[in-house]
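Q: What follows is a single structure, and I will ask about it in a moment.
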Amino acid sequence: MTFQQLLTEFYARGFDYLNDSGAGETRAKLWINQSYQEICGLDDWPFLEATATGASPLTIADLRNILYLTDTTLGQNLGFIDPRTLNEAYPDQSTPGNALYAYITGGTTINTYPGNTDALKVRYIRVPADLVSGTDTPLIPARYRYAIVDFACGRAYMDSDNPQMAQAVRADGDTVVQSMREHLLSQLRIVTGN
């Protein structure tokens, strides 16, 4: 389902009055995107995994969680340290040498300590871009995309002061998300042995 197909399904569930090419449509698109982002934020879904490479400091605009970080120059994984802890333990951060730790600044930039320009490889969970164009496709696998519509309908029902219907459609969406969790994350646990 594309963004336009998600909107069409949303309108077909009793919200066609919002299909007005104006403020109603804007709200519908907002609710679809809020629901999409909410579902993506519930777990470290495998469909959100991505890899980035580059020299330290490395900025990754869509960074949410880091799965692992490798200093490919040294051929070793780096552990993370809180910048405050780093400052307490190593007040003189101008010390040269091989990278021992990594830390994040600004929510999107990965730095190394000691600071250097080693090559990094990062496997991470990304924050997906909002759906904008009608042809944009959510990263969520196709068979689970109806949860986006369920969540958006829940938001619309809450907006129209119908909490019972909001709760009912949200429960439908939660069922789809739970199914996605069982299928996608349990497969991942079997493969990784966790």
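To be explicit about the labels: the chains of the structure tokens are called A, B, and onward in the order shown, and within each one the residues are counted from 1, while ligands get numbers from 1 in the order they are shown.
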May I have all residues of segment 34-190 of chain A that DSSP, computed from the backbone, assigns to strand (DSSP E), given as a PyMOL selection string?
A: chain A and resi 49-55+58-59+63-71+76-77+79-80+101-105+109-113+119-126
Q: What are the DSSP helix (DSSP H, G or I) residues of segment 5-157 of chain A, as a ChimeraX atom specification?
A: /A:5-18,23-40,46-48,83-89,142-144,146-157
Q: List as a CSV table (one decimal) with all heavy atoms, in the first residue's frame the protein and nucleic acid residues near Leu74 of chain A, meaning an atom at most 9 Å away when only C-alpha atoms are counted, but skip any in the same chain fewer than 3 places from it.
A:
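See part-v2.csv below for the written result:
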```csv
chain,number,residue,atom,x,y,z
A,70,THR,N,31.7,-0.6,14.2
A,70,THR,CA,33.0,-1.2,14.0
A,70,THR,C,34.0,-0.1,13.5
A,70,THR,O,33.6,0.6,12.6
A,70,THR,CB,33.0,-2.3,13.0
A,70,THR,OG1,32.0,-3.3,13.4
A,70,THR,CG2,34.3,-3.0,12.7
A,71,ASP,N,35.1,0.0,14.1
A,71,ASP,CA,36.2,0.8,13.6
A,71,ASP,C,36.9,-0.1,12.6
A,71,ASP,O,37.7,-1.0,12.9
A,71,ASP,CB,37.1,1.2,14.7
A,71,ASP,CG,38.3,2.1,14.3
A,71,ASP,OD1,38.8,1.9,13.2
A,71,ASP,OD2,38.6,3.0,15.1
A,77,ASN,N,35.3,-3.7,17.1
A,77,ASN,CA,34.1,-3.1,17.5
A,77,ASN,C,34.4,-2.1,18.7
A,77,ASN,O,35.3,-2.3,19.4
A,77,ASN,CB,33.1,-4.1,18.0
A,77,ASN,CG,32.5,-4.9,16.9
A,77,ASN,OD1,32.5,-4.5,15.8
A,77,ASN,ND2,32.0,-6.1,17.2
A,98,ASN,N,44.7,5.2,19.3
A,98,ASN,CA,43.6,4.4,18.7
A,98,ASN,C,42.3,4.7,19.5
A,98,ASN,O,42.3,4.8,20.7
A,98,ASN,CB,43.9,3.0,18.7
A,98,ASN,CG,45.1,2.6,17.8
A,98,ASN,OD1,45.4,3.4,16.9
A,98,ASN,ND2,45.8,1.6,18.1
A,99,ALA,N,41.2,4.6,18.7
A,99,ALA,CA,39.9,4.8,19.3
A,99,ALA,C,39.6,3.7,20.3
A,99,ALA,O,39.8,2.5,20.0
A,99,ALA,CB,38.8,4.8,18.2
A,118,ASP,N,39.3,7.7,12.0
A,118,ASP,CA,39.2,6.3,11.5
A,118,ASP,C,37.9,6.0,10.8
A,118,ASP,O,36.9,6.7,11.0
A,118,ASP,CB,39.2,5.3,12.7
A,118,ASP,CG,40.6,5.2,13.3
A,118,ASP,OD1,41.6,5.8,12.8
A,118,ASP,OD2,40.8,4.4,14.3
A,119,ALA,N,37.9,5.0,9.9
A,119,ALA,CA,36.7,4.6,9.1
A,119,ALA,C,35.8,3.8,10.1
A,119,ALA,O,36.3,2.9,10.8
A,119,ALA,CB,37.1,3.8,7.9
```
Q: Can you list, as number ranges by chain, every protein, DNA or RNA residue that comes within 8 Å of Phe47 of chain A when you count only C-alpha atoms, leaving out same-chain residues fewer than 5 positions away?
A: A: 139-141
Q: At most 8 Å is the cut-off: for each residue in segment 33-63 of chain A with any atom that close to an atom of segment 166-187 of chain A, write down the nearest atom pair and the distance in Å rounded to one decimal, counting only C-alpha atoms, chain first then increasing number, as a tab-separated table.
A:
```
residue	atom	partner	partner_atom	distance
A:Ile39	CA	A:Val177	CA	7.5
A:Trp45	CA	A:Leu185	CA	7.1
A:Pro46	CA	A:Leu184	CA	7.2
```
Q: Please produce an output containing N, CA and C atoms for each residue in the selection, written as a compact mmCIF listing (two decimals), in the first residue's frame.
A:
```
# COMPACT_ATOMS: atom_id res chain seq x y z
N ILE A 39 4.27 3.13 15.09
CA ILE A 39 4.49 1.69 14.91
C ILE A 39 5.98 1.40 14.72
N TRP A 45 12.69 -3.00 14.63
CA TRP A 45 12.22 -3.85 13.55
C TRP A 45 13.34 -4.11 12.53
N PRO A 46 13.44 -5.33 12.01
CA PRO A 46 14.47 -5.61 11.01
C PRO A 46 14.32 -4.78 9.73
```
Q: Leaving out segment 152-165 of chain A and any residue of its chain fewer than 4 positions from it, which residues lie within 7 Å of it when counting only C-alpha atoms, given as number ranges by chain?
A: A: 10, 31-32, 35, 148, 169-170
Q: Generate the output file for the selected residues, C-alpha atoms, as a PDB file, in the first residue's frame.
A:
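As written to disk, again03.pdb reads:
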```pdb
ATOM      1  CA  PHE A  10      -8.657   5.647   5.877  1.00  0.00           C
ATOM      2  CA  TRP A  31      -2.558  11.002  11.423  1.00  0.00           C
ATOM      3  CA  ILE A  32      -1.271   8.465   8.886  1.00  0.00           C
ATOM      4  CA  SER A  35       0.664   6.256  13.196  1.00  0.00           C
ATOM      5  CA  ILE A 148      -1.180   2.194  10.122  1.00  0.00           C
ATOM      6  CA  VAL A 169      -9.817   0.194  16.060  1.00  0.00           C
ATOM      7  CA  ARG A 170      -6.642   0.705  18.058  1.00  0.00           C
TER       8      ARG A 170
END
```
Q: Do a neighbour search on Asp62 of chain A at 9 Å with only C-alpha atoms, toss out local chain neighbours closer than 4 positions, and write the hits as a count of residues only.
A: 6
Q: Between A:Thr117, A:Thr8, A:Thr112, A:Thr53, which residue has the minimum interatomic distance to Lys29 of chain A, considering only C-alpha atoms?
A: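 Distance minimum relative to Lys29 of chain A lands on A:Thr8.
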Q: With only C-alpha atoms as the atoms that count, which of A:Leu42, A:Ala89, A:Leu7, A:Ala102 lies nearest to Arg27 of chain A?
A: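 The shortest atom-to-atom distance to Arg27 of chain A comes from A:Leu7.
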Q: Quick one: pull the distance between atom CA of Arg64 of chain A and atom CA of Gly107 of chain A, Å, one decimal.
A: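 Answer for the atom CA of Arg64 of chain A to atom CA of Gly107 of chain A separation: 8.2 Å.
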Q: What gap, in Å, lies between atom CA of Leu69 of chain A and atom CA of Glu49 of chain A?
A: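 That distance, rounded to one decimal, is 13.2 Å.
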Q: Please, what distance in Å, to one decimal, runs between atom CA of Asn65 of chain A and atom CA of Asp150 of chain A?
A: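 So the answer is 26.3 Å.
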